>>> print(open('coords.tsv').read())   # TSV, C-alpha atoms
chain	number	residue	atom	x	y	z
E	1	MET	CA	0.32	-32.26	19.68
E	2	ALA	CA	-3.19	-33.64	19.65
E	3	PHE	CA	-5.48	-33.36	22.61
E	4	SER	CA	-6.16	-36.62	24.41
E	5	GLY	CA	-8.67	-37.93	26.89
E	6	GLY	CA	-12.17	-36.53	26.49
E	7	PHE	CA	-11.37	-33.47	24.41
E	8	GLY	CA	-13.98	-30.77	24.84
E	9	VAL	CA	-16.10	-32.60	27.39
E	10	THR	CA	-15.76	-29.82	29.96
E	11	ALA	CA	-16.53	-27.04	27.52
E	12	ALA	CA	-19.75	-25.10	27.61
E	13	GLN	CA	-22.36	-26.21	25.11
E	14	GLY	CA	-24.95	-24.41	22.98
E	15	ALA	CA	-24.62	-21.22	21.00
E	16	THR	CA	-21.60	-20.11	23.05
E	17	ASN	CA	-19.60	-23.14	21.89
E	18	PRO	CA	-21.45	-24.80	18.99
E	19	ASN	CA	-18.31	-26.62	17.78
E	20	ASN	CA	-17.77	-28.39	21.11
E	21	ASP	CA	-14.24	-27.01	21.42
E	22	PHE	CA	-12.31	-26.69	24.64
E	23	GLN	CA	-12.95	-23.41	26.44
E	24	VAL	CA	-10.02	-21.57	28.02
E	25	ALA	CA	-10.52	-20.75	31.69
E	26	ASN	CA	-10.06	-17.17	32.93
E	27	PRO	CA	-10.29	-15.41	29.57
E	28	PRO	CA	-9.75	-11.65	29.16
E	29	SER	CA	-12.47	-9.40	30.56
E	30	ASP	CA	-12.80	-7.24	27.44
E	31	GLY	CA	-12.52	-7.57	23.67
E	32	ILE	CA	-9.75	-9.95	22.56
E	33	SER	CA	-7.46	-8.35	19.97
E	34	SER	CA	-4.81	-10.99	19.16
E	35	LEU	CA	-3.75	-14.59	19.77
E	36	SER	CA	-0.25	-15.97	19.21
E	37	TRP	CA	1.46	-19.29	19.96
E	38	SER	CA	4.98	-19.95	21.16
E	39	PRO	CA	7.17	-21.43	18.37
E	40	THR	CA	8.69	-23.94	20.82
E	41	ALA	CA	5.85	-25.12	23.10
E	42	ASN	CA	2.09	-24.96	23.54
E	43	PHE	CA	2.00	-21.63	25.29
E	44	LEU	CA	-0.72	-19.27	24.06
E	45	VAL	CA	-0.68	-15.50	24.48
E	46	SER	CA	-3.69	-13.22	24.11
E	47	THR	CA	-3.99	-9.43	24.15
E	48	SER	CA	-7.12	-7.55	25.06
E	49	TRP	CA	-8.85	-4.21	25.32
E	50	ASP	CA	-8.70	-4.68	29.11
E	51	CYS	CA	-5.01	-3.63	28.70
E	52	GLU	CA	-3.73	-7.08	29.71
E	53	VAL	CA	-1.44	-9.60	28.00
E	54	TYR	CA	-2.19	-13.16	29.17
E	55	CYS	CA	-0.14	-16.34	28.86
E	56	TYR	CA	-1.73	-19.82	29.06
E	57	ASP	CA	-0.08	-23.24	29.22
E	58	VAL	CA	-2.11	-25.57	26.98
E	59	GLN	CA	-1.72	-29.12	28.24
E	60	ALA	CA	-2.13	-32.46	26.45
E	61	ASN	CA	-5.64	-33.01	27.83
E	62	GLY	CA	-6.85	-29.71	26.36
E	63	GLN	CA	-6.84	-27.70	29.55
E	64	ALA	CA	-5.32	-24.22	29.35
E	65	VAL	CA	-3.74	-23.19	32.62
E	66	PRO	CA	-3.27	-19.43	33.16
E	67	LYS	CA	0.42	-18.84	33.87
E	68	ALA	CA	0.97	-15.08	34.12
E	69	SER	CA	-0.01	-11.69	32.75
E	70	ILE	CA	1.34	-8.18	32.31
E	71	LYS	CA	-0.43	-4.90	31.87
E	72	HIS	CA	-0.24	-2.03	29.39
E	73	ASP	CA	-1.40	1.47	30.27
E	74	LYS	CA	-4.00	1.32	27.50
E	75	PRO	CA	-5.62	-1.45	25.38
E	76	ALA	CA	-3.18	-4.02	23.99
E	77	LEU	CA	-3.72	-4.73	20.28
E	78	CYS	CA	-1.02	-7.13	19.04
E	79	SER	CA	1.50	-9.75	20.10
E	80	ALA	CA	4.38	-11.84	18.74
E	81	TRP	CA	6.79	-14.39	20.16
E	82	MET	CA	10.57	-14.37	20.03
E	83	HIS	CA	11.93	-17.24	17.92
E	84	ASP	CA	13.21	-19.23	20.92
E	85	GLY	CA	10.03	-18.81	22.97
E	86	SER	CA	11.84	-16.88	25.70
E	87	ALA	CA	9.94	-13.61	25.35
E	88	VAL	CA	6.73	-12.05	24.06
E	89	PHE	CA	6.37	-8.68	22.36
E	90	SER	CA	3.12	-6.73	22.76
E	91	GLY	CA	1.97	-3.34	21.55
E	92	GLY	CA	-1.13	-1.21	21.67
E	93	CYS	CA	-2.85	2.08	22.36
E	94	ASP	CA	-0.19	3.31	24.80
E	95	ASN	CA	2.05	3.74	21.72
E	96	MET	CA	4.72	1.39	23.04
E	97	VAL	CA	6.02	-2.17	22.67
E	98	LYS	CA	6.87	-4.22	25.73
E	99	LYS	CA	9.21	-7.18	25.73
E	100	TRP	CA	8.01	-9.68	28.32
E	101	ASP	CA	10.85	-11.92	29.52
E	102	LEU	CA	9.02	-15.05	30.63
E	103	ALA	CA	11.89	-16.48	32.67
E	104	THR	CA	11.97	-13.45	34.96
E	105	ASN	CA	8.34	-12.37	34.38
E	106	THR	CA	9.69	-8.90	33.63
E	107	PRO	CA	8.27	-6.53	30.98
E	108	THR	CA	10.52	-3.84	29.47
E	109	GLN	CA	9.61	-1.11	27.01
E	110	ILE	CA	11.72	-1.47	23.88
E	111	ALA	CA	9.89	0.52	21.18
E	112	ALA	CA	7.55	3.47	20.72
E	113	HIS	CA	5.45	5.29	18.13
E	114	ASP	CA	3.55	8.58	18.13
E	115	LEU	CA	0.19	6.79	17.85
E	116	PRO	CA	-1.12	3.28	18.68
E	117	ILE	CA	0.84	0.28	17.42
E	118	ARG	CA	-1.56	-1.91	15.48
E	119	HIS	CA	0.69	-4.78	14.40
E	120	LEU	CA	4.16	-6.17	15.01
E	121	ALA	CA	6.25	-9.15	13.95
E	122	TRP	CA	9.50	-10.72	15.07
E	123	ILE	CA	11.83	-11.57	12.15
E	124	PRO	CA	14.37	-14.15	13.37
E	125	GLU	CA	16.06	-14.55	9.97
E	126	VAL	CA	17.65	-11.10	10.25
E	127	ARG	CA	21.22	-11.13	11.62
E	128	LEU	CA	22.50	-7.87	13.10
E	129	ARG	CA	26.29	-7.93	12.75
E	130	SER	CA	26.98	-4.48	14.17
E	131	VAL	CA	25.61	-2.34	16.96
E	132	LEU	CA	25.59	1.45	16.87
E	133	PHE	CA	26.11	3.55	19.98
E	134	SER	CA	25.71	7.30	19.55
E	135	ARG	CA	26.66	9.98	22.07
E	136	SER	CA	26.09	13.73	21.65
E	137	PHE	CA	28.18	16.44	23.32
E	138	LEU	CA	28.42	20.22	23.23
E	139	PHE	CA	31.47	21.73	21.50
E	140	ASP	CA	32.29	25.35	22.39
E	141	PRO	CA	35.01	26.85	20.10
E	142	ILE	CA	35.59	29.76	22.49
E	143	ARG	CA	36.77	27.43	25.24
E	144	SER	CA	38.50	24.95	22.95
E	145	ASP	CA	42.24	25.17	22.27
E	146	PRO	CA	43.10	23.21	19.13
E	147	ASN	CA	46.74	22.92	20.24
E	148	ARG	CA	45.91	21.57	23.68
E	149	SER	CA	46.55	17.89	24.31
E	150	GLU	CA	43.98	15.82	26.14
E	151	SER	CA	45.00	12.83	28.17
E	152	ILE	CA	43.10	9.68	27.16
E	153	GLY	CA	44.30	6.69	29.09
E	154	ARG	CA	48.07	6.54	28.75
E	155	SER	CA	48.24	8.44	25.48
E	156	SER	CA	47.72	12.07	24.63
E	157	ARG	CA	46.48	13.35	21.33
E	158	PRO	CA	45.63	16.80	19.93
E	159	SER	CA	42.04	17.88	19.73
E	160	PRO	CA	40.65	16.67	16.37
E	161	ILE	CA	38.56	19.83	15.91
E	162	ASP	CA	40.10	23.10	14.75
E	163	PRO	CA	37.42	25.81	15.05
E	164	VAL	CA	39.32	28.14	12.70
E	165	ALA	CA	39.76	25.57	9.97
E	166	ALA	CA	36.19	24.41	10.44
E	167	ASN	CA	34.94	28.01	10.44
E	168	VAL	CA	33.00	27.37	13.63
E	169	THR	CA	32.31	30.41	15.84
E	170	LYS	CA	29.28	29.29	17.87
E	171	PRO	CA	28.69	26.34	20.21
E	172	LEU	CA	27.27	23.28	18.48
E	173	PHE	CA	26.29	19.70	19.27
E	174	LEU	CA	28.43	16.93	17.83
E	175	THR	CA	27.52	13.24	17.71
E	176	LEU	CA	30.08	10.49	18.13
E	177	THR	CA	29.01	7.11	16.75
E	178	ILE	CA	30.80	3.92	17.73
E	179	VAL	CA	30.28	0.72	15.74
E	180	ILE	CA	30.74	-2.49	17.74
E	181	ARG	CA	30.86	-5.80	15.91
E	182	PRO	CA	30.18	-8.68	18.31
E	183	ARG	CA	31.63	-12.12	17.75
E	184	GLU	CA	28.14	-13.60	17.50
E	185	PRO	CA	25.57	-11.56	15.53
E	186	GLN	CA	22.32	-10.68	17.23
E	187	VAL	CA	19.47	-12.83	15.93
E	188	GLY	CA	16.22	-11.15	15.02
E	189	LEU	CA	14.64	-7.80	14.35
E	190	LEU	CA	11.25	-6.48	15.45
E	191	VAL	CA	9.04	-4.64	12.96
E	192	THR	CA	6.16	-2.46	14.15
E	193	GLY	CA	3.35	-0.82	12.18
E	194	SER	CA	1.40	2.10	13.62
E	195	TRP	CA	-1.49	4.44	13.03
E	196	ASP	CA	1.15	7.20	12.89
E	197	LYS	CA	1.79	6.05	9.29
E	198	THR	CA	5.25	4.64	9.97
E	199	LEU	CA	6.89	1.24	9.88
E	200	LYS	CA	9.83	0.85	12.26
E	201	TYR	CA	12.49	-1.83	12.63
E	202	TRP	CA	13.99	-2.37	16.08
E	203	ASP	CA	17.07	-4.01	17.53
E	204	ALA	CA	15.61	-5.08	20.89
E	205	ARG	CA	18.83	-3.94	22.61
E	206	GLN	CA	18.55	-0.33	21.44
E	207	PRO	CA	16.12	2.48	22.40
E	208	THR	CA	15.90	3.96	18.90
E	209	PRO	CA	14.72	2.27	15.69
E	210	THR	CA	17.29	0.77	13.34
E	211	LEU	CA	15.19	1.97	10.41
E	212	GLN	CA	11.98	3.95	9.92
E	213	VAL	CA	9.87	3.83	6.75
E	214	GLN	CA	7.05	6.22	5.96
E	215	LEU	CA	3.77	4.54	5.01
E	216	PRO	CA	1.15	6.12	2.75
E	217	GLU	CA	-1.52	5.69	5.43
E	218	ARG	CA	-2.24	4.12	8.84
E	219	CYS	CA	-1.16	0.52	9.31
E	220	TYR	CA	-4.19	-1.79	9.49
E	221	ALA	CA	-2.59	-5.18	8.76
E	222	LEU	CA	0.87	-6.77	8.62
E	223	SER	CA	2.30	-10.19	7.82
E	224	CYS	CA	5.83	-11.47	7.27
E	225	THR	CA	7.40	-14.62	5.87
E	226	HIS	CA	11.03	-13.65	5.41
E	227	PRO	CA	12.03	-12.03	3.11
E	228	LEU	CA	8.44	-11.07	2.16
E	229	LEU	CA	6.72	-8.43	4.29
E	230	VAL	CA	3.26	-7.11	3.41
E	231	VAL	CA	1.64	-4.11	5.10
E	232	GLY	CA	-2.01	-3.24	4.55
E	233	CYS	CA	-2.85	0.42	5.14
E	234	ALA	CA	-5.92	2.64	5.24
E	235	GLU	CA	-7.45	3.71	1.91
E	236	ARG	CA	-6.64	0.22	0.52
E	237	HIS	CA	-2.89	0.87	0.16
E	238	LEU	CA	-0.63	-2.18	0.12
E	239	GLN	CA	3.13	-2.00	0.66
E	240	ILE	CA	5.13	-5.07	-0.34
E	241	PHE	CA	8.71	-5.24	0.96
E	242	ASN	CA	11.66	-7.46	0.12
E	243	LEU	CA	13.57	-7.44	3.41
E	244	SER	CA	16.90	-7.53	1.60
E	245	ASN	CA	16.05	-3.87	0.93
E	246	PRO	CA	13.68	-2.96	3.80
E	247	GLN	CA	13.85	0.81	3.47
E	248	THR	CA	12.05	0.88	0.11
E	249	PRO	CA	8.83	-0.93	-0.85
E	250	TYR	CA	9.36	-3.50	-3.59
E	251	ARG	CA	5.84	-2.66	-4.75
E	252	SER	CA	3.19	-0.13	-3.76
E	253	ILE	CA	-0.27	-1.02	-5.03
E	254	GLN	CA	-3.96	-0.64	-4.31
E	255	SER	CA	-5.80	-3.63	-2.93
E	256	PRO	CA	-7.77	-5.53	-5.59
E	257	LEU	CA	-10.68	-5.52	-3.11
E	258	LYS	CA	-13.03	-2.55	-3.19
E	259	TYR	CA	-13.34	-2.07	0.57
E	260	GLN	CA	-11.12	-1.50	3.58
E	261	THR	CA	-8.36	-4.03	4.29
E	262	ARG	CA	-8.80	-5.86	7.59
E	263	CYS	CA	-6.05	-8.50	7.44
E	264	VAL	CA	-3.21	-9.90	5.32
E	265	ALA	CA	-1.29	-13.20	5.40
E	266	THR	CA	1.87	-14.00	3.43
E	267	PHE	CA	2.13	-17.37	1.64
E	268	PRO	CA	4.42	-19.95	3.25
E	269	ASP	CA	6.30	-20.17	-0.07
E	270	LYS	CA	6.68	-16.34	-0.12
E	271	SER	CA	5.28	-16.00	-3.63
E	272	GLY	CA	2.22	-14.01	-2.62
E	273	TYR	CA	-0.27	-13.06	0.06
E	274	LEU	CA	-3.94	-13.12	1.04
E	275	ILE	CA	-6.00	-10.00	1.73
E	276	GLY	CA	-9.19	-9.97	3.79
E	277	SER	CA	-11.61	-7.04	3.69
E	278	ILE	CA	-14.59	-5.73	5.64
E	279	GLU	CA	-16.80	-6.75	2.70
E	280	GLY	CA	-16.63	-10.50	3.30
E	281	ARG	CA	-14.14	-11.18	0.54
E	282	VAL	CA	-10.60	-12.57	0.26
E	283	ALA	CA	-8.08	-11.86	-2.51
E	284	VAL	CA	-5.35	-14.30	-3.47
E	285	ASN	CA	-2.53	-12.16	-4.85
E	286	HIS	CA	0.96	-12.94	-6.11
E	287	VAL	CA	3.94	-10.62	-5.87
E	288	GLU	CA	5.28	-11.01	-9.40
E	289	ASP	CA	3.34	-10.07	-12.53
E	290	SER	CA	4.35	-13.37	-14.12
E	291	LEU	CA	2.02	-15.13	-11.67
E	292	ALA	CA	-0.87	-12.70	-12.06
E	293	SER	CA	-2.95	-15.32	-13.90
E	294	LYS	CA	-3.21	-17.19	-10.57
E	295	ASN	CA	-4.77	-14.22	-8.77
E	296	PHE	CA	-8.44	-14.44	-7.83
E	297	THR	CA	-10.93	-13.32	-5.19
E	298	PHE	CA	-13.76	-15.14	-3.45
E	299	LYS	CA	-16.69	-14.31	-1.19
E	300	CYS	CA	-16.96	-15.59	2.36
E	301	HIS	CA	-18.45	-14.77	5.78
E	302	ARG	CA	-21.83	-13.89	4.36
E	303	GLU	CA	-25.29	-14.91	5.45
E	304	GLN	CA	-27.96	-14.21	2.84
E	305	ALA	CA	-28.01	-10.40	2.50
E	306	ASP	CA	-25.74	-9.83	5.51
E	307	ILE	CA	-22.04	-9.26	4.81
E	308	TYR	CA	-19.39	-9.53	7.52
E	309	ALA	CA	-15.72	-8.59	7.83
E	310	VAL	CA	-12.90	-11.10	7.42
E	311	ASN	CA	-11.03	-10.46	10.67
E	312	SER	CA	-8.03	-12.78	10.44
E	313	ILE	CA	-6.31	-15.23	8.12
E	314	SER	CA	-3.82	-17.89	9.26
E	315	PHE	CA	-1.90	-20.47	7.22
E	316	HIS	CA	-1.55	-24.04	8.47
E	317	PRO	CA	2.16	-24.60	9.24
E	318	ARG	CA	2.37	-28.01	7.57
E	319	HIS	CA	-0.23	-28.19	4.81
E	320	GLY	CA	-0.29	-24.61	3.50
E	321	THR	CA	-4.08	-24.42	3.67
E	322	PHE	CA	-5.57	-21.54	5.63
E	323	VAL	CA	-8.38	-20.50	7.92
E	324	THR	CA	-10.42	-17.29	7.98
E	325	THR	CA	-12.36	-15.90	10.93
E	326	GLY	CA	-15.20	-13.44	10.57
E	327	SER	CA	-17.54	-11.05	12.30
E	328	ASP	CA	-20.32	-13.53	11.53
E	329	GLY	CA	-18.97	-15.79	14.29
E	330	VAL	CA	-17.74	-18.45	11.84
E	331	PHE	CA	-14.31	-19.84	10.96
E	332	ASN	CA	-13.70	-21.60	7.65
E	333	PHE	CA	-10.85	-23.78	6.38
E	334	TRP	CA	-9.73	-23.22	2.75
E	335	ASP	CA	-7.39	-24.58	0.09
E	336	LYS	CA	-6.33	-21.77	-2.25
E	337	ASP	CA	-4.61	-24.08	-4.73
E	338	SER	CA	-7.72	-26.16	-5.41
E	339	LYS	CA	-10.01	-23.15	-4.79
E	340	GLN	CA	-12.16	-25.02	-2.32
E	341	ARG	CA	-13.60	-24.54	1.13
E	342	LEU	CA	-12.49	-27.55	3.15
E	343	LYS	CA	-14.93	-27.04	6.01
E	344	GLN	CA	-17.23	-24.42	7.49
E	345	MET	CA	-17.64	-24.55	11.25
E	346	GLN	CA	-20.79	-23.83	13.21
E	347	LYS	CA	-21.71	-20.23	13.92
E	348	CYS	CA	-20.78	-18.82	17.35
E	349	ASN	CA	-22.87	-16.28	19.21
E	350	ALA	CA	-20.39	-13.39	18.72
E	351	PRO	CA	-17.75	-12.31	16.18
E	352	ILE	CA	-14.39	-14.07	15.95
E	353	PRO	CA	-11.82	-11.24	15.92
E	354	CYS	CA	-8.68	-13.39	15.72
E	355	GLY	CA	-7.32	-16.91	15.49
E	356	ALA	CA	-4.00	-18.76	15.20
E	357	PHE	CA	-2.56	-22.25	14.66
E	358	ASN	CA	-0.05	-23.66	17.11
E	359	ARG	CA	3.42	-24.61	15.87
E	360	ASP	CA	2.45	-27.98	14.34
E	361	GLY	CA	-1.09	-27.06	13.30
E	362	SER	CA	-2.79	-29.56	15.59
E	363	ILE	CA	-4.66	-26.82	17.48
E	364	PHE	CA	-6.48	-23.79	16.17
E	365	ALA	CA	-7.13	-21.18	18.87
E	366	TYR	CA	-9.83	-18.60	18.22
E	367	ALA	CA	-11.45	-15.82	20.21
E	368	VAL	CA	-15.21	-15.24	20.41
E	369	SER	CA	-15.59	-11.63	21.40
E	370	TYR	CA	-17.47	-8.53	20.28
E	371	ASP	CA	-15.43	-6.58	17.72
E	372	TRP	CA	-17.49	-3.35	17.84
E	373	SER	CA	-18.37	-3.73	14.16
E	374	LYS	CA	-21.97	-2.74	14.98
E	375	GLY	CA	-21.06	0.08	17.37
E	376	GLY	CA	-21.77	0.62	21.04
E	377	GLN	CA	-25.56	0.30	20.70
E	378	ASP	CA	-25.43	-3.41	19.94
E	379	PRO	CA	-26.43	-5.61	22.94
E	380	MET	CA	-23.11	-7.46	22.69
E	381	ALA	CA	-21.27	-4.23	23.57
E	382	SER	CA	-22.57	-4.41	27.14
E	383	ALA	CA	-22.94	-8.19	27.52
E	384	GLN	CA	-21.17	-9.72	30.52
E	385	GLY	CA	-18.93	-12.75	30.08
E	386	GLY	CA	-18.99	-12.42	26.32
E	387	ASN	CA	-15.24	-12.85	25.79
E	388	ASN	CA	-13.94	-16.38	25.32
E	389	ILE	CA	-11.02	-18.28	23.84
E	390	PHE	CA	-11.60	-21.75	22.35
E	391	LEU	CA	-9.15	-24.46	21.29
E	392	HIS	CA	-10.12	-26.54	18.27
E	393	ALA	CA	-8.33	-29.84	17.63
E	394	THR	CA	-7.87	-29.86	13.86
E	395	GLU	CA	-8.70	-32.92	11.77
E	396	GLU	CA	-6.92	-33.96	8.59
E	397	THR	CA	-10.11	-33.50	6.56
E	398	GLU	CA	-10.23	-29.87	7.67
E	399	VAL	CA	-6.67	-28.84	6.89
E	400	LYS	CA	-5.24	-31.27	4.33
E	401	PRO	CA	-5.26	-30.08	0.67
E	402	ARG	CA	-7.66	-31.65	-1.81
E	403	PRO	CA	-7.38	-32.27	-5.53
E	404	PRO	CA	-8.79	-29.42	-7.63
E	405	ALA	CA	-12.52	-29.54	-8.25
E	406	ASN	CA	-13.80	-29.76	-11.81
E	407	ARG	CA	-14.86	-26.18	-12.16
E	408	VAL	CA	-13.58	-22.93	-13.53
E	409	GLY	CA	-11.89	-20.74	-10.89
E	410	GLY	CA	-11.98	-17.00	-10.63
E	411	ARG	CA	-13.95	-14.25	-9.02
E	412	ARG	CA	-17.11	-15.46	-7.33
>>> encode(input="coords.tsv", output="structure tokens")
Amino acid sequence: MAFSGGFGVTAAQGATNPNNDFQVANPPSDGISSLSWSPTANFLVSTSWDCEVYCYDVQANGQAVPKASIKHDKPALCSAWMHDGSAVFSGGCDNMVKKWDLATNTPTQIAAHDLPIRHLAWIPEVRLRSVLFSRSFLFDPIRSDPNRSESIGRSSRPSPIDPVAANVTKPLFLTLTIVIRPREPQVGLLVTGSWDKTLKYWDARQPTPTLQVQLPERCYALSCTHPLLVVGCAERHLQIFNLSNPQTPYRSIQSPLKYQTRCVATFPDKSGYLIGSIEGRVAVNHVEDSLASKNFTFKCHREQADIYAVNSISFHPRHGTFVTTGSDGVFNFWDKDSKQRLKQMQKCNAPIPCGAFNRDGSIFAYAVSYDWSKGGQDPMASAQGGNNIFLHATEETEVKPRPPANRVGGRR
């Protein structure tokens, strides 16, 4: 969808909106932590440090109409849509994930960690063909008669537990697990990464995780293009998973970048991933060693001697090019295959902590909001009205790949 009819004419001008993009009305009141688009319509969700999750209906004329919101107990840090656009998942500093059913406007807690949930992703390609129900009960051998029959429905059967044969003399808890195989398999699995150093997979119908994986450090970044899942952790750890075997990392490596990982993004063709760091640098990495000759890094989001963090990376859904957003208040479009910057946009008056393309790539939404990279003493930390969401109508020259330039690629 392309905006029509005077795109951007109602947006604020000047340093607040130097790219003349459409400004979303009623933005969050505190730092904006994530943006995500519905896979079926132009509905945009944002999460914020004001503890709210907001949903906007982006119309054809560029106006974004606030539709609804829900609240977490503490700052909300991440969001993801269900594959059919019926629900939104959000997580944050209250250590829980809420599933927001948009049809009923009802949020329900479906997941939890011991510490804040930094990232999550919905994986629709996973098919759950069985459901586990577990029930625990207390077995007391003193009161149990192994020869007694218990009536169950119309039949009677002897107790299956013989305390003498089992050499059981004290009460103990037993767990009965029932496996139910529905006619139609459940579509989708939620994965959550936390500062508690765990990665958990959730069936949204169950209160306990389907699988839990220990991470080497706190989760700082996560991206998934099934079956490739990449998790960036503290101390520059990277965990690469093949979701056909999700309990064990396919590879565990150190980031090729020298400084802390801020974001990751898996390639659309699943052959590799991008890494963004706090040092204004992006690494293009491939999963297999046979493609290592195509790996390289490049500098970005720098202004003379000042170096800024790369806060987010998003791939265009049709062209496979990508965009980076930075703490310098700039977003850039790139083509990794030709190793070129396609376009650098004008600098905003505050950092850009996150950004995302809509489902067809015709709109790039980005937040202009203080990211606390300079601490609480910076004037932006106390500025009023400094949190905004903008909608940029992408042009072909910004996102379409170009032929390789006549130069030698590599680290620069």
>>> residues_around(input="coords.tsv", residues="Phe315 (chain E)", least_positions_apart="2", cutoff="10 Å", atoms="only C-alpha atoms", output="JSON, numbers by chain")
{"E": [265, 266, 267, 268, 274, 313, 317, 318, 319, 320, 321, 322, 323, 324, 333, 334, 335, 356, 357, 361, 399]}
>>> closest_residue(input="coords.tsv", among="E:Leu44, E:Val53, E:Val58, E:Val282", to="Asp30 (chain E)", atoms="all atoms listed in the file")
E:Val53
>>> closest_atom_pairs(input="coords.tsv", of="region 2-111 of chain E", to="region 306-311 of chain E", cutoff="12 Å", atoms="all atoms listed in the file", output="CSV")
residue,atom,partner,partner_atom,distance
E:Ile32,CA,E:Asn311,CA,12.0
E:Ser33,CA,E:Asn311,CA,10.2
E:Ser34,CA,E:Asn311,CA,10.5
>>> closest_residue(input="coords.tsv", among="E:Asp114, E:Asp371, E:Glu125, E:Asp269", to="Ser194 (chain E)", atoms="only C-alpha atoms")
E:Asp114
>>> residues_around(input="coords.tsv", residues="Cys51 (chain E)", least_positions_apart="6", cutoff="7 Å", atoms="only C-alpha atoms", output="list in words")
Lys71, His72, Asp73, Lys74, Pro75 and Ala76 of chain E
>>> closest_residue(input="coords.tsv", among="E:Trp49, E:His316, E:Ser79, E:Asn17", to="Tyr370 (chain E)", atoms="only C-alpha atoms")
E:Trp49
